[in-house]
$ cat protein-v6.tsv   # TSV, C-alpha atoms
chain	number	residue	atom	x	y	z
R	141	MET	CA	12.82	228.38	56.32
R	142	LEU	CA	9.79	228.82	58.55
R	143	ASP	CA	8.37	225.51	57.41
R	144	ILE	CA	11.57	223.78	58.53
R	145	ILE	CA	11.22	225.41	61.94
R	146	SER	CA	7.66	224.12	62.11
R	147	ILE	CA	8.72	220.57	61.35
R	148	ALA	CA	11.56	220.70	63.87
R	149	MET	CA	9.35	222.25	66.54
R	150	VAL	CA	8.13	219.11	68.32
R	151	PRO	CA	11.52	217.42	68.77
R	152	PHE	CA	13.00	220.80	69.69
R	153	MET	CA	10.40	221.53	72.38
R	154	VAL	CA	10.74	218.05	73.85
R	155	PHE	CA	14.53	218.37	73.87
R	156	ILE	CA	14.53	221.75	75.64
R	157	ILE	CA	12.00	220.67	78.25
R	158	LEU	CA	13.81	217.43	79.05
R	159	VAL	CA	17.25	219.05	79.25
R	160	HIS	CA	15.93	221.90	81.40
R	161	GLY	CA	14.22	219.42	83.74
R	162	TYR	CA	17.32	217.26	83.93
R	163	ILE	CA	19.60	220.20	84.78
R	164	LYS	CA	17.15	221.39	87.44
R	165	GLY	CA	17.47	217.94	88.97
R	166	ILE	CA	13.81	216.98	89.02
R	167	ASP	CA	12.64	213.40	88.58
R	168	ILE	CA	11.67	213.83	84.92
R	169	TYR	CA	10.43	210.28	84.48
R	170	SER	CA	7.94	210.42	87.35
R	171	ALA	CA	6.87	213.90	86.32
R	172	PHE	CA	6.12	212.61	82.82
R	173	ILE	CA	4.11	209.64	84.10
R	174	GLU	CA	2.19	211.82	86.51
R	175	GLY	CA	1.19	214.23	83.73
R	176	ALA	CA	0.49	211.53	81.17
R	177	LYS	CA	-2.09	209.91	83.45
R	178	GLU	CA	-4.38	212.84	82.65
R	179	GLY	CA	-4.39	212.01	78.92
R	180	LEU	CA	-6.80	209.09	79.10
R	181	LYS	CA	-9.24	210.96	81.32
R	182	THR	CA	-9.21	214.04	79.08
R	183	ALA	CA	-9.70	212.10	75.85
R	184	ILE	CA	-12.56	209.99	77.23
R	185	ASN	CA	-14.12	213.10	78.74
R	186	ILE	CA	-14.47	214.83	75.37
R	187	MET	CA	-15.79	211.77	73.49
R	188	PRO	CA	-19.55	212.50	73.88
R	189	TYR	CA	-19.04	216.08	72.68
R	190	LEU	CA	-17.11	214.90	69.67
R	191	ILE	CA	-19.83	212.41	68.77
R	192	ALA	CA	-22.55	215.07	69.19
R	193	ILE	CA	-20.89	217.63	66.94
R	194	PHE	CA	-19.72	215.08	64.36
R	195	ILE	CA	-23.23	213.67	63.95
R	196	ALA	CA	-24.90	217.09	63.68
R	197	VAL	CA	-22.37	218.35	61.12
R	198	GLY	CA	-22.47	215.00	59.29
R	199	ILE	CA	-26.26	215.06	58.93
R	200	PHE	CA	-26.30	218.72	57.96
R	201	ARG	CA	-23.67	218.20	55.29
R	202	GLY	CA	-24.68	214.73	54.12
R	203	SER	CA	-28.32	215.70	53.55
R	204	THR	CA	-26.96	218.50	51.32
R	205	ALA	CA	-28.81	221.00	53.56
R	206	LEU	CA	-25.49	222.85	53.84
R	207	ASP	CA	-25.32	223.22	50.05
R	208	MET	CA	-28.87	224.54	50.07
R	209	PHE	CA	-27.87	227.13	52.69
R	210	ILE	CA	-24.93	228.25	50.61
R	211	HIS	CA	-27.24	228.58	47.63
R	212	LEU	CA	-29.76	230.59	49.64
R	213	LEU	CA	-27.13	232.87	51.09
R	214	SER	CA	-25.26	233.53	47.85
R	215	PRO	CA	-27.32	236.64	46.88
R	216	ILE	CA	-26.33	238.24	50.21
R	217	THR	CA	-22.66	237.27	49.92
R	218	ASN	CA	-22.60	238.50	46.30
R	219	LEU	CA	-24.03	241.79	47.45
R	220	LEU	CA	-21.21	242.07	49.99
R	221	GLY	CA	-18.68	241.71	47.21
R	222	LEU	CA	-17.17	238.34	48.16
R	223	PRO	CA	-15.67	236.53	45.17
R	224	GLN	CA	-18.31	233.95	44.29
R	225	GLU	CA	-15.91	231.01	44.15
R	226	ILE	CA	-14.86	231.70	47.75
R	227	VAL	CA	-18.38	231.79	49.20
R	228	PRO	CA	-18.75	228.04	49.88
R	229	LEU	CA	-15.41	228.08	51.71
R	230	VAL	CA	-16.43	231.06	53.87
R	231	LEU	CA	-19.66	229.32	54.91
R	232	ILE	CA	-18.29	225.81	55.46
R	233	ARG	CA	-15.10	226.79	57.28
R	234	PRO	CA	-16.59	227.48	60.75
R	235	VAL	CA	-18.72	224.30	60.60
R	236	SER	CA	-16.49	221.61	59.13
R	237	GLY	CA	-12.71	221.53	58.85
R	238	SER	CA	-12.58	218.54	56.52
R	239	GLY	CA	-15.38	219.98	54.38
R	240	ALA	CA	-13.51	223.27	54.07
R	241	LEU	CA	-10.32	221.47	53.09
R	242	GLY	CA	-12.25	219.74	50.31
R	243	VAL	CA	-13.42	223.12	49.00
R	244	VAL	CA	-9.87	224.50	49.13
R	245	LYS	CA	-8.66	221.52	47.09
R	246	ASP	CA	-11.44	222.15	44.54
R	247	ILE	CA	-10.53	225.81	44.18
R	248	ILE	CA	-6.81	225.07	43.90
R	249	GLY	CA	-7.54	222.26	41.42
R	250	ASN	CA	-9.82	224.44	39.26
R	251	TYR	CA	-7.89	227.70	39.26
R	252	GLY	CA	-4.33	226.59	39.98
R	253	PRO	CA	-2.34	226.87	43.24
R	254	ASP	CA	-0.66	230.13	42.23
R	255	SER	CA	-3.76	231.91	40.96
R	256	PHE	CA	-5.38	234.70	42.95
R	257	LEU	CA	-8.28	232.47	44.05
R	258	GLY	CA	-6.01	229.52	44.82
R	259	ASN	CA	-3.82	231.66	47.03
R	260	LEU	CA	-6.74	233.37	48.68
R	261	ALA	CA	-8.43	230.06	49.51
R	262	GLY	CA	-5.19	228.77	51.05
R	263	ILE	CA	-4.67	231.90	53.12
R	264	MET	CA	-8.26	231.89	54.36
R	265	MET	CA	-8.05	228.22	55.29
R	266	GLY	CA	-4.74	228.74	57.09
R	267	SER	CA	-5.89	231.75	59.06
R	268	SER	CA	-9.17	230.43	60.46
R	269	GLU	CA	-10.48	227.66	62.73
R	270	THR	CA	-13.41	225.27	62.89
R	271	ILE	CA	-15.37	227.45	65.29
R	272	PHE	CA	-18.31	225.14	66.09
R	273	TYR	CA	-16.11	222.16	66.83
R	274	THR	CA	-13.77	224.13	69.09
R	275	ILE	CA	-16.52	225.82	71.05
R	276	THR	CA	-18.54	222.65	71.75
R	277	LEU	CA	-15.43	220.70	72.64
R	278	TYR	CA	-13.92	223.22	75.07
R	279	PHE	CA	-17.12	224.31	76.76
R	280	GLY	CA	-18.43	220.75	76.77
R	281	SER	CA	-15.35	219.47	78.57
R	282	ILE	CA	-16.19	221.55	81.67
R	283	GLY	CA	-19.98	221.42	81.37
R	284	ILE	CA	-20.65	225.04	80.36
R	285	GLU	CA	-24.10	225.43	78.82
R	286	ASP	CA	-24.43	229.19	78.55
R	287	TYR	CA	-21.76	230.37	76.10
R	288	GLY	CA	-22.35	234.07	76.79
R	289	HIS	CA	-21.05	236.20	73.96
R	290	THR	CA	-18.39	233.69	72.83
R	291	LEU	CA	-20.00	232.37	69.63
R	292	LYS	CA	-21.29	235.77	68.52
R	293	ALA	CA	-17.90	237.40	69.04
R	294	ALA	CA	-16.06	234.56	67.29
R	295	LEU	CA	-18.33	234.70	64.23
R	296	ILE	CA	-18.19	238.49	64.00
R	297	SER	CA	-14.38	238.38	64.23
R	298	TYR	CA	-14.35	235.69	61.56
R	299	ILE	CA	-16.43	237.76	59.13
R	300	ILE	CA	-14.41	240.93	59.71
R	301	SER	CA	-11.18	238.99	59.23
R	302	ILE	CA	-12.36	237.55	55.92
R	303	PHE	CA	-13.00	241.00	54.50
R	304	ILE	CA	-9.66	242.30	55.74
R	305	THR	CA	-7.90	239.27	54.24
R	306	ILE	CA	-9.57	239.64	50.83
R	307	PHE	CA	-8.91	243.36	50.79
R	308	ILE	CA	-5.25	243.16	51.80
R	309	TYR	CA	-4.46	240.13	49.67
R	310	GLY	CA	-6.08	241.89	46.71
R	311	ILE	CA	-3.62	244.74	47.13
R	312	ILE	CA	-0.65	242.41	47.58
R	313	TYR	CA	-1.56	240.36	44.53
R	314	ASN	CA	-2.30	243.28	42.25
R	315	THR	CA	0.87	245.12	43.08
R	316	GLN	CA	2.92	241.92	42.84
R	317	PHE	CA	4.25	242.83	46.22
R	318	THR	CA	5.65	239.79	47.95
R	319	LEU	CA	5.52	239.86	51.67
R	320	PHE	CA	8.28	238.23	53.77
R	321	ASN	CA	9.35	236.12	50.84
R	322	ILE	CA	10.90	233.34	52.86
O	80	MET	CA	-27.27	228.54	72.29
O	81	ILE	CA	-25.65	225.24	71.35
O	82	ASN	CA	-28.98	223.59	72.13
O	83	ILE	CA	-30.68	225.53	69.34
O	84	ILE	CA	-27.86	225.14	66.81
O	85	TRP	CA	-27.49	221.44	67.44
O	86	PHE	CA	-31.24	220.89	67.19
O	87	PHE	CA	-31.63	222.84	63.97
O	88	MET	CA	-28.65	221.25	62.22
O	89	ILE	CA	-30.14	217.80	62.77
O	90	PHE	CA	-33.78	218.90	62.33
O	91	ILE	CA	-33.17	220.68	59.02
O	92	GLY	CA	-30.80	217.95	57.90
O	93	ILE	CA	-33.37	215.18	58.40
O	94	ILE	CA	-36.26	217.12	56.85
O	95	TYR	CA	-34.14	218.16	53.89
O	96	GLY	CA	-32.80	214.64	53.55
O	97	ALA	CA	-36.38	213.28	53.50
O	98	LEU	CA	-37.45	215.81	50.87
O	99	THR	CA	-34.52	215.03	48.62
O	100	GLY	CA	-34.77	211.28	49.12
O	101	ASN	CA	-31.50	211.07	51.01
O	102	LEU	CA	-32.74	209.29	54.13
O	103	GLY	CA	-30.84	206.10	53.37
O	104	GLU	CA	-27.63	208.07	53.27
O	105	LEU	CA	-28.40	209.60	56.68
O	106	ASN	CA	-28.43	206.14	58.29
O	107	ASN	CA	-24.88	205.59	57.09
O	108	ILE	CA	-23.82	209.04	58.24
O	109	ILE	CA	-25.10	208.53	61.79
O	110	LEU	CA	-23.30	205.20	62.06
O	111	LYS	CA	-20.13	206.56	60.53
O	112	GLU	CA	-19.94	209.81	62.49
O	113	ALA	CA	-20.68	208.18	65.86
O	114	GLN	CA	-17.86	205.77	65.14
O	115	GLU	CA	-15.68	208.65	64.00
O	116	GLY	CA	-16.21	210.46	67.33
O	117	VAL	CA	-15.05	207.40	69.26
O	118	THR	CA	-12.11	206.71	66.95
O	119	PHE	CA	-10.99	210.32	67.09
O	120	ALA	CA	-11.20	210.54	70.90
O	121	ILE	CA	-9.26	207.29	71.26
O	122	SER	CA	-6.69	208.38	68.71
O	123	LEU	CA	-6.06	211.44	70.90
O	124	ILE	CA	-5.28	209.45	74.06
O	125	GLY	CA	-1.68	208.67	73.17
O	126	ILE	CA	-0.57	212.05	71.91
O	127	MET	CA	-2.44	213.97	74.62
O	128	SER	CA	-0.88	211.80	77.32
O	129	PHE	CA	2.49	212.48	75.77
O	130	TRP	CA	2.06	216.26	75.75
O	131	LEU	CA	0.54	216.41	79.22
O	132	GLY	CA	3.47	214.34	80.46
O	133	ILE	CA	6.05	216.57	78.79
O	134	MET	CA	4.33	219.72	80.03
O	135	ASN	CA	4.24	218.35	83.56
O	136	ILE	CA	8.04	218.14	83.42
O	137	ALA	CA	8.19	221.76	82.24
O	138	GLN	CA	5.83	222.70	85.04
O	139	CYS	CA	7.86	220.95	87.75
O	140	SER	CA	11.17	222.33	86.46
O	141	GLY	CA	9.83	225.89	86.49
O	142	LEU	CA	10.30	226.36	82.76
O	143	ILE	CA	6.64	227.25	82.19
O	144	LYS	CA	6.79	229.78	84.99
O	145	SER	CA	9.78	231.50	83.42
O	146	ILE	CA	8.05	231.66	80.03
O	147	CYS	CA	4.89	232.98	81.68
O	148	ASN	CA	6.82	235.75	83.39
O	149	ILE	CA	7.92	237.07	80.01
O	150	PHE	CA	4.35	237.25	78.72
O	151	ARG	CA	2.73	238.36	81.99
O	152	PRO	CA	2.05	242.01	80.94
O	153	MET	CA	0.34	240.86	77.75
O	154	MET	CA	-1.69	238.21	79.59
O	155	LYS	CA	-2.72	240.71	82.25
O	156	MET	CA	-4.11	243.00	79.56
O	157	ILE	CA	-6.05	240.28	77.73
O	158	PHE	CA	-7.17	238.34	80.82
O	159	PRO	CA	-7.55	240.87	83.66
O	160	ASP	CA	-9.74	238.44	85.68
O	161	ILE	CA	-7.10	235.73	86.11
O	162	PRO	CA	-5.21	236.21	89.40
O	163	LYS	CA	-1.44	236.53	89.14
O	164	GLY	CA	0.30	233.17	89.07
O	165	HIS	CA	-2.86	231.12	88.66
O	166	PRO	CA	-2.23	227.87	86.73
O	167	ALA	CA	-4.87	228.85	84.14
O	168	GLU	CA	-2.40	231.42	82.86
O	169	ASN	CA	0.25	228.75	82.23
O	170	TRP	CA	-2.07	226.46	80.30
O	171	ILE	CA	-3.51	229.29	78.20
O	172	LEU	CA	-0.01	230.39	77.24
O	173	MET	CA	1.06	226.83	76.45
O	174	ASN	CA	-2.06	226.43	74.31
O	175	PHE	CA	-1.23	229.61	72.37
O	176	ILE	CA	2.38	228.58	71.83
O	177	ALA	CA	1.44	225.04	70.72
O	178	ASN	CA	-1.18	226.49	68.36
O	179	MET	CA	1.28	228.95	66.86
O	180	PHE	CA	3.71	226.20	65.98
O	181	GLY	CA	1.06	223.84	64.67
O	182	VAL	CA	1.28	221.28	67.50
O	183	GLY	CA	-2.48	220.73	67.20
O	184	ASN	CA	-3.02	217.82	69.57
O	185	GLY	CA	-0.77	219.33	72.20
O	186	ALA	CA	-2.73	222.57	71.89
O	187	THR	CA	-6.00	220.71	72.47
O	188	ALA	CA	-4.65	218.99	75.56
O	189	PHE	CA	-3.35	222.29	77.05
O	190	GLY	CA	-6.53	224.12	76.05
O	191	LEU	CA	-8.71	221.60	77.87
O	192	LYS	CA	-6.49	221.95	80.96
O	193	ALA	CA	-6.82	225.73	80.67
O	194	MET	CA	-10.62	225.44	80.63
O	195	GLU	CA	-10.49	223.16	83.69
O	196	GLU	CA	-8.43	225.77	85.56
O	197	LEU	CA	-10.62	228.67	84.39
O	198	ASP	CA	-13.61	226.73	85.70
O	199	THR	CA	-12.15	226.83	89.22
O	200	LEU	CA	-12.32	230.65	89.02
O	201	SER	CA	-15.94	230.64	87.94
O	202	PRO	CA	-18.72	231.37	90.42
O	203	ASN	CA	-21.41	229.95	88.11
O	204	ASN	CA	-20.52	226.51	86.79
O	205	LYS	CA	-22.89	226.60	83.83
O	206	LYS	CA	-22.07	230.03	82.42
O	207	ALA	CA	-18.98	231.09	80.48
O	208	THR	CA	-16.81	233.73	82.18
O	209	ASN	CA	-15.16	236.60	80.33
O	210	ALA	CA	-11.79	234.88	80.59
O	211	MET	CA	-13.16	231.65	79.08
O	212	SER	CA	-14.83	233.56	76.26
O	213	MET	CA	-11.71	235.56	75.51
O	214	PHE	CA	-9.55	232.45	75.54
O	215	LEU	CA	-11.80	230.66	73.07
O	216	ILE	CA	-12.35	233.70	70.84
O	217	ILE	CA	-8.57	234.06	70.45
O	218	ASN	CA	-8.21	230.32	69.99
O	219	MET	CA	-10.89	230.27	67.27
O	220	SER	CA	-9.26	233.16	65.40
O	221	SER	CA	-6.44	230.74	64.49
O	222	LEU	CA	-2.90	231.24	65.71
O	223	GLN	CA	-0.99	228.80	63.53
O	224	LEU	CA	1.95	230.48	61.81
O	225	VAL	CA	2.84	227.90	59.17
O	226	PRO	CA	-0.09	226.20	57.40
O	227	LEU	CA	1.60	222.86	56.71
O	228	THR	CA	-1.54	221.20	55.30
O	229	ILE	CA	-2.05	223.99	52.78
O	230	ILE	CA	1.61	223.97	51.77
O	231	LYS	CA	1.33	220.23	51.17
O	232	ILE	CA	-1.78	220.69	48.99
O	233	ARG	CA	-0.07	223.47	47.01
O	234	GLN	CA	2.90	221.17	46.47
O	235	ASP	CA	0.61	218.34	45.29
O	236	TYR	CA	-1.05	220.64	42.78
O	237	GLY	CA	2.29	221.77	41.33
O	238	SER	CA	2.70	225.25	42.79
O	239	ILE	CA	5.85	227.09	41.65
O	240	ASN	CA	6.54	228.21	45.21
O	241	PRO	CA	4.37	226.32	47.75
O	242	THR	CA	5.77	228.17	50.77
O	243	SER	CA	5.09	231.64	49.34
O	244	ILE	CA	1.77	231.44	51.18
O	245	ILE	CA	3.45	231.62	54.59
O	246	GLY	CA	3.95	235.40	54.63
O	247	PRO	CA	0.39	236.39	53.73
O	248	THR	CA	-1.00	233.69	56.07
O	249	ILE	CA	0.99	235.01	59.03
O	250	LEU	CA	-0.29	238.51	58.26
O	251	ALA	CA	-3.90	237.25	57.97
O	252	THR	CA	-3.60	235.18	61.16
O	253	GLY	CA	-2.09	238.11	63.07
O	254	LEU	CA	-4.83	240.46	61.93
O	255	SER	CA	-7.60	237.96	62.68
O	256	THR	CA	-6.24	237.47	66.20
O	257	LEU	CA	-6.07	241.22	66.72
O	258	VAL	CA	-9.66	241.59	65.48
O	259	ALA	CA	-10.71	238.78	67.81
O	260	ILE	CA	-9.17	240.45	70.86
O	261	ILE	CA	-10.81	243.79	70.01
O	262	VAL	CA	-14.24	242.24	69.34
O	263	GLY	CA	-13.94	240.17	72.52
O	264	LYS	CA	-13.08	243.26	74.56
O	265	ILE	CA	-16.03	245.19	73.09
O	266	PHE	CA	-18.38	242.39	74.12
O	267	GLU	CA	-16.82	242.25	77.60
O	268	ARG	CA	-17.49	245.95	78.04
O	269	GLY	CA	-21.08	245.42	76.92
O	270	ASN	CA	-21.70	242.91	79.70
$ encode --input "protein-v6.tsv" --output "structure tokens"
Amino acid sequence: MLDIISIAMVPFMVFIILVHGYIKGIDIYSAFIEGAKEGLKTAINIMPYLIAIFIAVGIFRGSTALDMFIHLLSPITNLLGLPQEIVPLVLIRPVSGSGALGVVKDIIGNYGPDSFLGNLAGIMMGSSETIFYTITLYFGSIGIEDYGHTLKAALISYIISIFITIFIYGIIYNTQFTLFNI
Amino acid sequence: MINIIWFFMIFIGIIYGALTGNLGELNNIILKEAQEGVTFAISLIGIMSFWLGIMNIAQCSGLIKSICNIFRPMMKMIFPDIPKGHPAENWILMNFIANMFGVGNGATAFGLKAMEELDTLSPNNKKATNAMSMFLIINMSSLQLVPLTIIKIRQDYGSINPTSIIGPTILATGLSTLVAIIVGKIFERGN
């Protein structure tokens, strides 16, 4: 049900906005053109930041330095009680969205989509963002160099959220309790 | 901060690549990723123009203002520094809504507009304000309700019920956003 709403969302939003504008009697065509002119400027504006972050992440991943980091950090993450199979996902997620998706596919492929780990990987992927990409893109677009507490706060929130997710999903899975089964 | 991270990702990557005999691969990566950045930015032009155009209609017709009025108390609590009725508020809200419903490219376009507007409220052009930080912290906590990509993967791998992940994901997303707001507020107080 909710997935149907998600698919219908774009046409629905466009429909509502156009009808509302039309009823209010504004010149919807000119308004659209006026707004759309910003698109080119915005996209070109963010290009250097995209290239910068893509290259850094690409080199870090491609040289397998990222794998080394995961290996080095695994004693710590094991100590914290994270399921070992999930550790690479936790570490890659904030850095690389496509990398994280690859890990999710591996986990689902190895353990099955309906297993505890398969579900957990999917939930974690769906409830987090590529932090480094977002932060460089948004701050870069307006030339902010001093990020203040943004990155620290985002990473701390991310770590706390992972533990909450694992804990709560553990309970849900073990008790076979299905939440909003839509 | 980004200076250090960016430097070390490339620095460690190249040294590690040299040690493991992967330098040839790095050449390809640099070429490929630089190209990818350009391709990605260009691929955004069309869809971002579309959403900015559509949102401009909603702005002119007063629809955005009506939606904003509903959420004003919540916005006031999370972003106390944004003056009432400032356009930044509209774009932030539009970004949140687009994110929730998985309209990713629209969300990016609105988010960048929000940053532009927040920048006009900033006394120091190089330093992030509390409002900017809070906006991004919430944004980076993920807001998307229905993880369509994950549902698709589950379907491909033969899940019995691919959409059963929606409920737990909404719960996890809601909690992560709540955590983000709390952590952001604690940092704000510390400043």
$ interface_residues --input "protein-v6.tsv" --of "chain R" --to "chain O" --cutoff "6 Å" --atoms "only C-alpha atoms" --output "PDB file with C-alpha atoms, in the frame of the given file"
ATOM      1  CA  SER R 146       7.660 224.120  62.110  1.00  0.00           C
ATOM      2  CA  ILE R 157      12.000 220.670  78.250  1.00  0.00           C
ATOM      3  CA  GLY R 161      14.220 219.420  83.740  1.00  0.00           C
ATOM      4  CA  ILE R 168      11.670 213.830  84.920  1.00  0.00           C
ATOM      5  CA  ALA R 171       6.870 213.900  86.320  1.00  0.00           C
ATOM      6  CA  PHE R 172       6.120 212.610  82.820  1.00  0.00           C
ATOM      7  CA  ILE R 173       4.110 209.640  84.100  1.00  0.00           C
ATOM      8  CA  GLY R 175       1.190 214.230  83.730  1.00  0.00           C
ATOM      9  CA  ALA R 176       0.490 211.530  81.170  1.00  0.00           C
ATOM     10  CA  GLY R 179      -4.390 212.010  78.920  1.00  0.00           C
ATOM     11  CA  LEU R 180      -6.800 209.090  79.100  1.00  0.00           C
ATOM     12  CA  ALA R 183      -9.700 212.100  75.850  1.00  0.00           C
ATOM     13  CA  MET R 187     -15.790 211.770  73.490  1.00  0.00           C
ATOM     14  CA  LEU R 190     -17.110 214.900  69.670  1.00  0.00           C
ATOM     15  CA  ILE R 191     -19.830 212.410  68.770  1.00  0.00           C
ATOM     16  CA  PHE R 194     -19.720 215.080  64.360  1.00  0.00           C
ATOM     17  CA  ILE R 195     -23.230 213.670  63.950  1.00  0.00           C
ATOM     18  CA  ALA R 196     -24.900 217.090  63.680  1.00  0.00           C
ATOM     19  CA  ILE R 199     -26.260 215.060  58.930  1.00  0.00           C
ATOM     20  CA  PHE R 200     -26.300 218.720  57.960  1.00  0.00           C
ATOM     21  CA  SER R 203     -28.320 215.700  53.550  1.00  0.00           C
ATOM     22  CA  ALA R 205     -28.810 221.000  53.560  1.00  0.00           C
ATOM     23  CA  PRO R 253      -2.340 226.870  43.240  1.00  0.00           C
ATOM     24  CA  ASP R 254      -0.660 230.130  42.230  1.00  0.00           C
ATOM     25  CA  GLY R 262      -5.190 228.770  51.050  1.00  0.00           C
ATOM     26  CA  ILE R 263      -4.670 231.900  53.120  1.00  0.00           C
ATOM     27  CA  GLY R 266      -4.740 228.740  57.090  1.00  0.00           C
ATOM     28  CA  SER R 267      -5.890 231.750  59.060  1.00  0.00           C
ATOM     29  CA  SER R 268      -9.170 230.430  60.460  1.00  0.00           C
ATOM     30  CA  GLU R 269     -10.480 227.660  62.730  1.00  0.00           C
ATOM     31  CA  ILE R 271     -15.370 227.450  65.290  1.00  0.00           C
ATOM     32  CA  ILE R 284     -20.650 225.040  80.360  1.00  0.00           C
ATOM     33  CA  GLU R 285     -24.100 225.430  78.820  1.00  0.00           C
ATOM     34  CA  ASP R 286     -24.430 229.190  78.550  1.00  0.00           C
ATOM     35  CA  TYR R 287     -21.760 230.370  76.100  1.00  0.00           C
ATOM     36  CA  GLY R 288     -22.350 234.070  76.790  1.00  0.00           C
ATOM     37  CA  THR R 290     -18.390 233.690  72.830  1.00  0.00           C
ATOM     38  CA  ALA R 293     -17.900 237.400  69.040  1.00  0.00           C
ATOM     39  CA  ALA R 294     -16.060 234.560  67.290  1.00  0.00           C
ATOM     40  CA  SER R 297     -14.380 238.380  64.230  1.00  0.00           C
ATOM     41  CA  SER R 301     -11.180 238.990  59.230  1.00  0.00           C
ATOM     42  CA  THR R 305      -7.900 239.270  54.240  1.00  0.00           C
ATOM     43  CA  LEU R 319       5.520 239.860  51.670  1.00  0.00           C
ATOM     44  CA  PHE R 320       8.280 238.230  53.770  1.00  0.00           C
TER      45      PHE R 320
END
$ atom_distance --input "protein-v6.tsv" --atom1 "atom CA of R:Pro228" --atom2 "atom CA of R:Ala240"
8.2 Å
$ closest_residue --input "protein-v6.tsv" --among "R:Gly221, R:Gly198, R:Pro215, R:Gly252" --to "R:Val235" --atoms "all atoms listed in the file"
R:Gly198
$ atom_distance --input "protein-v6.tsv" --atom1 "atom CA of R:Leu260" --atom2 "atom CA of R:Leu220"
16.9 Å
$ atom_distance --input "protein-v6.tsv" --atom1 "atom CA of O:Phe189" --atom2 "atom CA of O:Met173"
6.4 Å
$ residues_around --input "protein-v6.tsv" --residues "R:Ser236" --least-positions-apart "5" --cutoff "10 Å" --atoms "all atoms listed in the file" --output "PyMOL selection string"
chain R and resi 193-194+197-198+201+229+231+241-242+269-273
$ write_last_selection --input "protein-v6.tsv" --atoms "C-alpha atoms" --output "PDB file, in the coordinates of the input"
ATOM      1  CA  ILE R 193     -20.890 217.630  66.940  1.00  0.00           C
ATOM      2  CA  PHE R 194     -19.720 215.080  64.360  1.00  0.00           C
ATOM      3  CA  VAL R 197     -22.370 218.350  61.120  1.00  0.00           C
ATOM      4  CA  GLY R 198     -22.470 215.000  59.290  1.00  0.00           C
ATOM      5  CA  ARG R 201     -23.670 218.200  55.290  1.00  0.00           C
ATOM      6  CA  LEU R 229     -15.410 228.080  51.710  1.00  0.00           C
ATOM      7  CA  LEU R 231     -19.660 229.320  54.910  1.00  0.00           C
ATOM      8  CA  LEU R 241     -10.320 221.470  53.090  1.00  0.00           C
ATOM      9  CA  GLY R 242     -12.250 219.740  50.310  1.00  0.00           C
ATOM     10  CA  GLU R 269     -10.480 227.660  62.730  1.00  0.00           C
ATOM     11  CA  THR R 270     -13.410 225.270  62.890  1.00  0.00           C
ATOM     12  CA  ILE R 271     -15.370 227.450  65.290  1.00  0.00           C
ATOM     13  CA  PHE R 272     -18.310 225.140  66.090  1.00  0.00           C
ATOM     14  CA  TYR R 273     -16.110 222.160  66.830  1.00  0.00           C
TER      15      TYR R 273
END
$ residues_near_point --input "protein-v6.tsv" --point "(-8.0, 236.6, 80.9)" --cutoff "8 Å" --atoms "all atoms listed in the file" --output "PyMOL selection string"
chain O and resi 154-161+168+209-211+213-214
$ residues_near_point --input "protein-v6.tsv" --point "(-20.5, 231.3, 45.4)" --cutoff "9 Å" --atoms "only C-alpha atoms" --output "PyMOL selection string"
chain R and resi 210-211+213-215+217-218+222-229
$ write_last_selection --input "protein-v6.tsv" --atoms "C-alpha atoms" --output "mmCIF file, in the frame of the given file"
data_model
loop_
_atom_site.group_PDB
_atom_site.id
_atom_site.type_symbol
_atom_site.label_atom_id
_atom_site.label_comp_id
_atom_site.auth_asym_id
_atom_site.auth_seq_id
_atom_site.Cartn_x
_atom_site.Cartn_y
_atom_site.Cartn_z
ATOM 1 C CA ILE R 210 -24.930 228.250 50.610
ATOM 2 C CA HIS R 211 -27.240 228.580 47.630
ATOM 3 C CA LEU R 213 -27.130 232.870 51.090
ATOM 4 C CA SER R 214 -25.260 233.530 47.850
ATOM 5 C CA PRO R 215 -27.320 236.640 46.880
ATOM 6 C CA THR R 217 -22.660 237.270 49.920
ATOM 7 C CA ASN R 218 -22.600 238.500 46.300
ATOM 8 C CA LEU R 222 -17.170 238.340 48.160
ATOM 9 C CA PRO R 223 -15.670 236.530 45.170
ATOM 10 C CA GLN R 224 -18.310 233.950 44.290
ATOM 11 C CA GLU R 225 -15.910 231.010 44.150
ATOM 12 C CA ILE R 226 -14.860 231.700 47.750
ATOM 13 C CA VAL R 227 -18.380 231.790 49.200
ATOM 14 C CA PRO R 228 -18.750 228.040 49.880
ATOM 15 C CA LEU R 229 -15.410 228.080 51.710
#
$ decode --input "protein-v6.tsv" --residues "stretch 239-244 of chain O" --atoms "N, CA and C atoms" --output "PDB file, in the first residue's frame"
ATOM      1  N   ILE O 239       9.798 -13.537   0.343  1.00  0.00           N
ATOM      2  CA  ILE O 239       8.396 -13.956   0.416  1.00  0.00           C
ATOM      3  C   ILE O 239       7.499 -12.716   0.447  1.00  0.00           C
ATOM      4  N   ASN O 240       7.954 -11.704   1.165  1.00  0.00           N
ATOM      5  CA  ASN O 240       7.164 -10.486   1.315  1.00  0.00           C
ATOM      6  C   ASN O 240       8.093  -9.268   1.261  1.00  0.00           C
ATOM      7  N   PRO O 241       8.429  -8.806   0.044  1.00  0.00           N
ATOM      8  CA  PRO O 241       9.443  -7.743  -0.095  1.00  0.00           C
ATOM      9  C   PRO O 241       9.084  -6.461   0.667  1.00  0.00           C
ATOM     10  N   THR O 242       7.786  -6.148   0.749  1.00  0.00           N
ATOM     11  CA  THR O 242       7.409  -4.872   1.369  1.00  0.00           C
ATOM     12  C   THR O 242       7.318  -4.956   2.895  1.00  0.00           C
ATOM     13  N   SER O 243       7.541  -6.143   3.462  1.00  0.00           N
ATOM     14  CA  SER O 243       7.458  -6.258   4.924  1.00  0.00           C
ATOM     15  C   SER O 243       8.515  -5.418   5.613  1.00  0.00           C
ATOM     16  N   ILE O 244       9.480  -4.930   4.836  1.00  0.00           N
ATOM     17  CA  ILE O 244      10.557  -4.126   5.415  1.00  0.00           C
ATOM     18  C   ILE O 244      10.124  -2.675   5.676  1.00  0.00           C
TER      19      ILE O 244
END
